[in-house]
Amino acid sequence: MIIKILSWNVNSIRTRLEQVLNVCQKYKPDIICLQETKVINDSFPQNEFLKLGYSHFYLHGIPSYNGVAIITQQEAESFDILDLSQLNNGRQIGIKIFGIHIHNFYIPSGGDVPDEKINLKFKNKLDFLKALISWSKKITPKNFLICGDFNIAPFEDDVWSHKQLKDVVSHTDIERKYLLKFLEVGNWNDAVRAQINPPENVFTWWSYRSKDFKINNRGRRLDHIWISNDLKKKNYSIKILDYTRTLSRPSDHVPIKIKINL
DNA sequence: ATGGCAAATTGAATTTGA
């Protein structure tokens with residue numbers, strides 16, 4: 001059986017609804033993992049998805065910001081919101097479906113200053129990563145996939161300039177170290193970088209502050225799909241749908257997609 | 001440590017993102 005899973009930080013599901021529906025019609029993912037839905041559960045636009053055959057909604061929204069969702073055609077066997085810490089505030093939702101555990105994360109961005117002593121947001125980011133490291137040690141990573149906006153570009157060539165971004169939140173040494181520790185203790189596999197490498201585009205995010213994101217291509221790879229060792233052995237393919245960044249009123253993130261033959 | 005922006009909330013200004 002072949003399943004398709006798509007992960008996208010949409011920066012408001014209500015603003016991006018038409019674009020998300022278009023991507024669903026075009027690529028027909030079985031499972032849609034969204035981050036930054038920015039909507040409470042009661043206001044999630046379910047009807048439009050129902051028309052496309054997506055009838056199950058696993059939502060963890062809060063007012064105004066954050067918020068994650070998993071949307072499926074088939075009903076999940078179970079779903080859960082992890083007790084990662086009090087910091088799991090619309091930042092994680094997990095399901096089990098087709099025998100696969102899927103967790104959708106929105107790791108905190110971390111604010112401006114990469115110093116946990118003076119910037120609480122940065123401390124929260126590192127604490128969230130520590131919680132994910134502990135969680136990875138506890139679970140049995142079999143038939144497991146985790147995805148989402150991790151807000152960290154782990155490798156030097158995951159950003160447009162390692163030199164210029166090495167002290168910028170999302171690419172500092174300590175964040176990269178924590179993320180790679182998380183990867184290592186869970187025996188996770190970075191499914192996207194296993195298949196897509198420079199000079200092909202690996203970026204999934206481009207700042208809104210650039211007038212034309214294509215001109216100097218100052219992007220970062222902040223969004224990820226990680227899979228357990230057993231899934232790594234299956235046939236799978238990855239696509240970064242960077243065309244969505246060229247649409248009018250785009251999200252600053254683009255979708256990433258995995259097609260896996262179970 | 002700031003920016004060239006965007007979205008949500010509240011009601012022109014602030015917070016958040018990264």
# chains A, B, ... in the order shown; residues from 1 in each chain; ligands from 1
$ closest_atom_pairs --of "chain B" --to "chain A" --cutoff "7 Å" --atoms "only C-alpha atoms (C1' of nucleotides)" --output "Markdown table"
| residue | atom | partner | partner_atom | distance |
| --- | --- | --- | --- | --- |
| B:DG4 | C1' | A:Arg209 | CA | 4.7 |
| B:DC5 | C1' | A:Arg209 | CA | 4.7 |
| B:DA8 | C1' | A:Ser64 | CA | 5.3 |
| B:DA18 | C1' | A:Ser109 | CA | 6.2 |
$ select_by_dssp --residues "stretch 56-162 of chain A" --states "alpha helix (DSSP H)" --output "list in words"
Leu120, Lys121, Phe122, Lys123, Asn124, Lys125, Leu126, Asp127, Phe128, Leu129, Lys130, Ala131, Leu132, Ile133, Ser134, Trp135, Ser136, Lys137, Lys138 and His162 of chain A
$ closest_residue --among "A:Leu180, A:Leu247, A:Cys147, A:Leu262" --to "A:Glu18" --atoms "only C-alpha atoms"
A:Leu247
$ select_by_dssp --residues "stretch 33-110 of chain A" --states "strand (DSSP E or B)" --output "ChimeraX atom specification"
/A:33-35,56-60,68-72,78-80,92-97,100-106
$ write_last_selection --atoms "C-alpha atoms" --output "mmCIF file, in the first residue's frame"
data_model
loop_
_atom_site.group_PDB
_atom_site.id
_atom_site.type_symbol
_atom_site.label_atom_id
_atom_site.label_comp_id
_atom_site.auth_asym_id
_atom_site.auth_seq_id
_atom_site.Cartn_x
_atom_site.Cartn_y
_atom_site.Cartn_z
ATOM 1 C CA CYS A 33 0.040 17.761 8.679
ATOM 2 C CA LEU A 34 -0.334 21.505 9.158
ATOM 3 C CA GLN A 35 1.483 23.916 11.437
ATOM 4 C CA HIS A 56 -11.167 13.242 9.993
ATOM 5 C CA PHE A 57 -9.621 16.140 11.860
ATOM 6 C CA TYR A 58 -7.109 15.868 14.681
ATOM 7 C CA LEU A 59 -6.723 19.395 15.935
ATOM 8 C CA HIS A 60 -4.620 21.119 18.551
ATOM 9 C CA VAL A 68 -1.264 22.158 14.502
ATOM 10 C CA ALA A 69 -3.602 19.778 12.710
ATOM 11 C CA ILE A 70 -3.603 16.382 11.059
ATOM 12 C CA ILE A 71 -6.311 15.813 8.465
ATOM 13 C CA THR A 72 -7.026 12.378 6.985
ATOM 14 C CA SER A 78 -5.779 6.632 17.812
ATOM 15 C CA PHE A 79 -4.518 10.134 18.390
ATOM 16 C CA ASP A 80 -2.629 11.826 21.167
ATOM 17 C CA GLN A 92 2.082 18.828 18.603
ATOM 18 C CA ILE A 93 -0.539 16.339 17.512
ATOM 19 C CA GLY A 94 0.028 12.652 16.819
ATOM 20 C CA ILE A 95 -1.996 9.831 15.293
ATOM 21 C CA LYS A 96 -1.656 6.156 14.507
ATOM 22 C CA ILE A 97 -2.986 5.224 11.094
ATOM 23 C CA ILE A 100 2.129 3.995 11.375
ATOM 24 C CA HIS A 101 2.695 6.491 14.164
ATOM 25 C CA ILE A 102 2.742 10.031 12.799
ATOM 26 C CA HIS A 103 3.618 13.041 14.919
ATOM 27 C CA ASN A 104 3.333 16.590 13.699
ATOM 28 C CA PHE A 105 5.481 19.176 15.520
ATOM 29 C CA TYR A 106 5.777 22.927 15.535
#
$ closest_residue --among "A:Leu120, A:Leu132, A:Ile196, A:Ala153" --to "A:Arg91" --atoms "only C-alpha atoms"
A:Leu132
$ atom_distance --atom1 "atom CA of A:Leu6" --atom2 "atom CA of A:His224"
10.6 Å
$ residues_around --residues "A:Pro141" --least-positions-apart "3" --cutoff "12 Å" --atoms "only C-alpha atoms (C1' of nucleotides)" --output "JSON, numbers by chain"
{"A": [100, 101, 102, 103, 135, 136, 137, 138, 144, 145, 146, 183, 184, 185, 186, 187, 188, 189, 226, 227, 228, 229, 230, 231, 232]}
$ write_last_selection --atoms "C-alpha atoms" --output "PDB file, in the first residue's frame"
ATOM      1  CA  ILE A 100       2.129   3.995  11.375  1.00  0.00           C
ATOM      2  CA  HIS A 101       2.695   6.491  14.164  1.00  0.00           C
ATOM      3  CA  ILE A 102       2.742  10.031  12.799  1.00  0.00           C
ATOM      4  CA  HIS A 103       3.618  13.041  14.919  1.00  0.00           C
ATOM      5  CA  TRP A 135      10.513  11.410  24.369  1.00  0.00           C
ATOM      6  CA  SER A 136      12.672   9.846  21.616  1.00  0.00           C
ATOM      7  CA  LYS A 137      14.459   7.758  24.224  1.00  0.00           C
ATOM      8  CA  LYS A 138      11.183   6.448  25.640  1.00  0.00           C
ATOM      9  CA  PHE A 144       7.241   5.895  13.018  1.00  0.00           C
ATOM     10  CA  LEU A 145       7.300   9.182  11.133  1.00  0.00           C
ATOM     11  CA  ILE A 146       7.682  12.650  12.584  1.00  0.00           C
ATOM     12  CA  LEU A 183      17.949  12.791  15.500  1.00  0.00           C
ATOM     13  CA  GLU A 184      20.599  10.519  16.986  1.00  0.00           C
ATOM     14  CA  VAL A 185      18.863   9.304  20.163  1.00  0.00           C
ATOM     15  CA  GLY A 186      15.686   8.455  18.262  1.00  0.00           C
ATOM     16  CA  ASN A 187      17.580   6.683  15.494  1.00  0.00           C
ATOM     17  CA  TRP A 188      15.655   8.936  13.161  1.00  0.00           C
ATOM     18  CA  ASN A 189      16.484   9.335   9.497  1.00  0.00           C
ATOM     19  CA  TRP A 226      12.105  12.051   9.795  1.00  0.00           C
ATOM     20  CA  ILE A 227      11.428   8.324   9.624  1.00  0.00           C
ATOM     21  CA  SER A 228      12.319   5.259  11.674  1.00  0.00           C
ATOM     22  CA  ASN A 229      14.856   2.709  10.392  1.00  0.00           C
ATOM     23  CA  ASP A 230      12.250   0.194   9.252  1.00  0.00           C
ATOM     24  CA  LEU A 231      10.456   2.822   7.140  1.00  0.00           C
ATOM     25  CA  LYS A 232      13.785   3.922   5.679  1.00  0.00           C
TER      26      LYS A 232
END
$ decode --residues "stretch 216-260 of chain A" --atoms "N, CA and C atoms" --output "mmCIF file, in the first residue's frame"
data_model
loop_
_atom_site.group_PDB
_atom_site.id
_atom_site.type_symbol
_atom_site.label_atom_id
_atom_site.label_comp_id
_atom_site.auth_asym_id
_atom_site.auth_seq_id
_atom_site.Cartn_x
_atom_site.Cartn_y
_atom_site.Cartn_z
ATOM 1 N N ASN A 216 17.888 36.517 -4.606
ATOM 2 C CA ASN A 216 19.137 36.007 -4.022
ATOM 3 C C ASN A 216 18.956 34.685 -3.278
ATOM 4 N N ASN A 217 17.728 34.177 -3.301
ATOM 5 C CA ASN A 217 17.464 32.823 -2.796
ATOM 6 C C ASN A 217 17.991 32.613 -1.371
ATOM 7 N N ARG A 218 17.663 33.569 -0.501
ATOM 8 C CA ARG A 218 18.163 33.473 0.883
ATOM 9 C C ARG A 218 17.215 32.626 1.727
ATOM 10 N N GLY A 219 17.216 31.345 1.467
ATOM 11 C CA GLY A 219 16.288 30.454 2.159
ATOM 12 C C GLY A 219 16.957 29.633 3.250
ATOM 13 N N ARG A 220 16.122 28.913 3.954
ATOM 14 C CA ARG A 220 16.604 27.998 5.000
ATOM 15 C C ARG A 220 15.767 26.715 4.955
ATOM 16 N N ARG A 221 16.353 25.590 5.394
ATOM 17 C CA ARG A 221 15.612 24.329 5.475
ATOM 18 C C ARG A 221 15.170 24.132 6.926
ATOM 19 N N LEU A 222 13.942 24.548 7.207
ATOM 20 C CA LEU A 222 13.429 24.512 8.577
ATOM 21 C C LEU A 222 12.399 23.410 8.787
ATOM 22 N N ASP A 223 11.888 22.863 7.701
ATOM 23 C CA ASP A 223 10.805 21.876 7.786
ATOM 24 C C ASP A 223 11.359 20.495 7.452
ATOM 25 N N HIS A 224 10.868 19.497 8.179
ATOM 26 C CA HIS A 224 11.529 18.188 8.107
ATOM 27 C C HIS A 224 10.538 17.035 8.143
ATOM 28 N N ILE A 225 10.972 15.916 7.550
ATOM 29 C CA ILE A 225 10.284 14.630 7.699
ATOM 30 C C ILE A 225 11.353 13.628 8.118
ATOM 31 N N TRP A 226 11.162 13.054 9.286
ATOM 32 C CA TRP A 226 12.105 12.051 9.795
ATOM 33 C C TRP A 226 11.367 10.720 9.920
ATOM 34 N N ILE A 227 12.070 9.641 9.589
ATOM 35 C CA ILE A 227 11.428 8.324 9.624
ATOM 36 C C ILE A 227 12.292 7.323 10.389
ATOM 37 N N SER A 228 11.617 6.307 10.923
ATOM 38 C CA SER A 228 12.319 5.259 11.674
ATOM 39 C C SER A 228 13.061 4.336 10.698
ATOM 40 N N ASN A 229 13.989 3.549 11.237
ATOM 41 C CA ASN A 229 14.856 2.709 10.392
ATOM 42 C C ASN A 229 14.083 1.735 9.508
ATOM 43 N N ASP A 230 13.016 1.161 10.055
ATOM 44 C CA ASP A 230 12.250 0.194 9.252
ATOM 45 C C ASP A 230 11.574 0.876 8.063
ATOM 46 N N LEU A 231 11.088 2.110 8.259
ATOM 47 C CA LEU A 231 10.456 2.822 7.140
ATOM 48 C C LEU A 231 11.496 3.253 6.103
ATOM 49 N N LYS A 232 12.704 3.523 6.587
ATOM 50 C CA LYS A 232 13.785 3.922 5.679
ATOM 51 C C LYS A 232 14.062 2.823 4.633
ATOM 52 N N LYS A 233 13.803 1.592 5.047
ATOM 53 C CA LYS A 233 14.082 0.474 4.133
ATOM 54 C C LYS A 233 13.009 0.314 3.054
ATOM 55 N N LYS A 234 11.868 0.966 3.255
ATOM 56 C CA LYS A 234 10.805 0.890 2.241
ATOM 57 C C LYS A 234 11.157 1.816 1.079
ATOM 58 N N ASN A 235 10.488 1.622 -0.030
ATOM 59 C CA ASN A 235 10.632 2.563 -1.139
ATOM 60 C C ASN A 235 9.873 3.837 -0.813
ATOM 61 N N TYR A 236 10.587 4.947 -0.888
ATOM 62 C CA TYR A 236 9.871 6.211 -0.673
ATOM 63 C C TYR A 236 10.466 7.297 -1.554
ATOM 64 N N SER A 237 9.686 8.335 -1.764
ATOM 65 C CA SER A 237 10.182 9.486 -2.521
ATOM 66 C C SER A 237 9.715 10.771 -1.845
ATOM 67 N N ILE A 238 10.524 11.802 -2.038
ATOM 68 C CA ILE A 238 10.317 13.085 -1.364
ATOM 69 C C ILE A 238 10.172 14.177 -2.408
ATOM 70 N N LYS A 239 9.317 15.136 -2.103
ATOM 71 C CA LYS A 239 9.202 16.311 -2.959
ATOM 72 C C LYS A 239 9.033 17.552 -2.087
ATOM 73 N N ILE A 240 9.739 18.618 -2.456
ATOM 74 C CA ILE A 240 9.553 19.927 -1.820
ATOM 75 C C ILE A 240 8.752 20.777 -2.801
ATOM 76 N N LEU A 241 7.556 21.188 -2.391
ATOM 77 C CA LEU A 241 6.667 21.885 -3.334
ATOM 78 C C LEU A 241 6.926 23.390 -3.286
ATOM 79 N N ASP A 242 8.129 23.752 -3.742
ATOM 80 C CA ASP A 242 8.534 25.160 -3.585
ATOM 81 C C ASP A 242 7.782 26.110 -4.513
ATOM 82 N N TYR A 243 7.033 25.560 -5.466
ATOM 83 C CA TYR A 243 6.254 26.456 -6.346
ATOM 84 C C TYR A 243 5.238 27.281 -5.553
ATOM 85 N N THR A 244 4.816 26.773 -4.385
ATOM 86 C CA THR A 244 3.790 27.510 -3.638
ATOM 87 C C THR A 244 4.304 28.859 -3.136
ATOM 88 N N ARG A 245 5.637 28.987 -3.062
ATOM 89 C CA ARG A 245 6.197 30.272 -2.585
ATOM 90 C C ARG A 245 6.036 31.373 -3.641
ATOM 91 N N THR A 246 5.735 30.967 -4.895
ATOM 92 C CA THR A 246 5.556 31.954 -5.966
ATOM 93 C C THR A 246 4.097 32.412 -6.081
ATOM 94 N N LEU A 247 3.184 31.759 -5.377
ATOM 95 C CA LEU A 247 1.772 32.136 -5.459
ATOM 96 C C LEU A 247 1.553 33.497 -4.811
ATOM 97 N N SER A 248 0.436 34.110 -5.107
ATOM 98 C CA SER A 248 0.149 35.385 -4.456
ATOM 99 C C SER A 248 -0.322 35.112 -3.022
ATOM 100 N N ARG A 249 0.064 35.952 -2.121
ATOM 101 C CA ARG A 249 -0.168 35.777 -0.680
ATOM 102 C C ARG A 249 0.246 34.379 -0.208
ATOM 103 N N PRO A 250 1.520 34.073 -0.375
ATOM 104 C CA PRO A 250 1.986 32.733 0.014
ATOM 105 C C PRO A 250 2.271 32.633 1.515
ATOM 106 N N SER A 251 2.368 31.394 1.988
ATOM 107 C CA SER A 251 3.010 31.167 3.283
ATOM 108 C C SER A 251 4.502 31.392 3.091
ATOM 109 N N ASP A 252 5.202 31.722 4.166
ATOM 110 C CA ASP A 252 6.668 31.831 4.022
ATOM 111 C C ASP A 252 7.333 30.442 4.014
ATOM 112 N N HIS A 253 6.581 29.409 4.404
ATOM 113 C CA HIS A 253 7.061 28.019 4.297
ATOM 114 C C HIS A 253 6.402 27.337 3.099
ATOM 115 N N VAL A 254 7.073 26.322 2.559
ATOM 116 C CA VAL A 254 6.476 25.535 1.474
ATOM 117 C C VAL A 254 6.247 24.094 1.962
ATOM 118 N N PRO A 255 5.349 23.367 1.294
ATOM 119 C CA PRO A 255 5.069 21.994 1.741
ATOM 120 C C PRO A 255 6.199 21.026 1.395
ATOM 121 N N ILE A 256 6.345 20.022 2.238
ATOM 122 C CA ILE A 256 7.204 18.877 1.914
ATOM 123 C C ILE A 256 6.329 17.630 1.938
ATOM 124 N N LYS A 257 6.692 16.674 1.103
ATOM 125 C CA LYS A 257 5.787 15.549 0.879
ATOM 126 C C LYS A 257 6.589 14.264 0.788
ATOM 127 N N ILE A 258 6.058 13.205 1.364
ATOM 128 C CA ILE A 258 6.673 11.877 1.231
ATOM 129 C C ILE A 258 5.629 10.906 0.702
ATOM 130 N N LYS A 259 6.060 10.093 -0.242
ATOM 131 C CA LYS A 259 5.222 8.995 -0.760
ATOM 132 C C LYS A 259 5.955 7.718 -0.404
ATOM 133 N N ILE A 260 5.316 6.857 0.342
ATOM 134 C CA ILE A 260 6.019 5.688 0.865
ATOM 135 C C ILE A 260 5.215 4.415 0.600
#
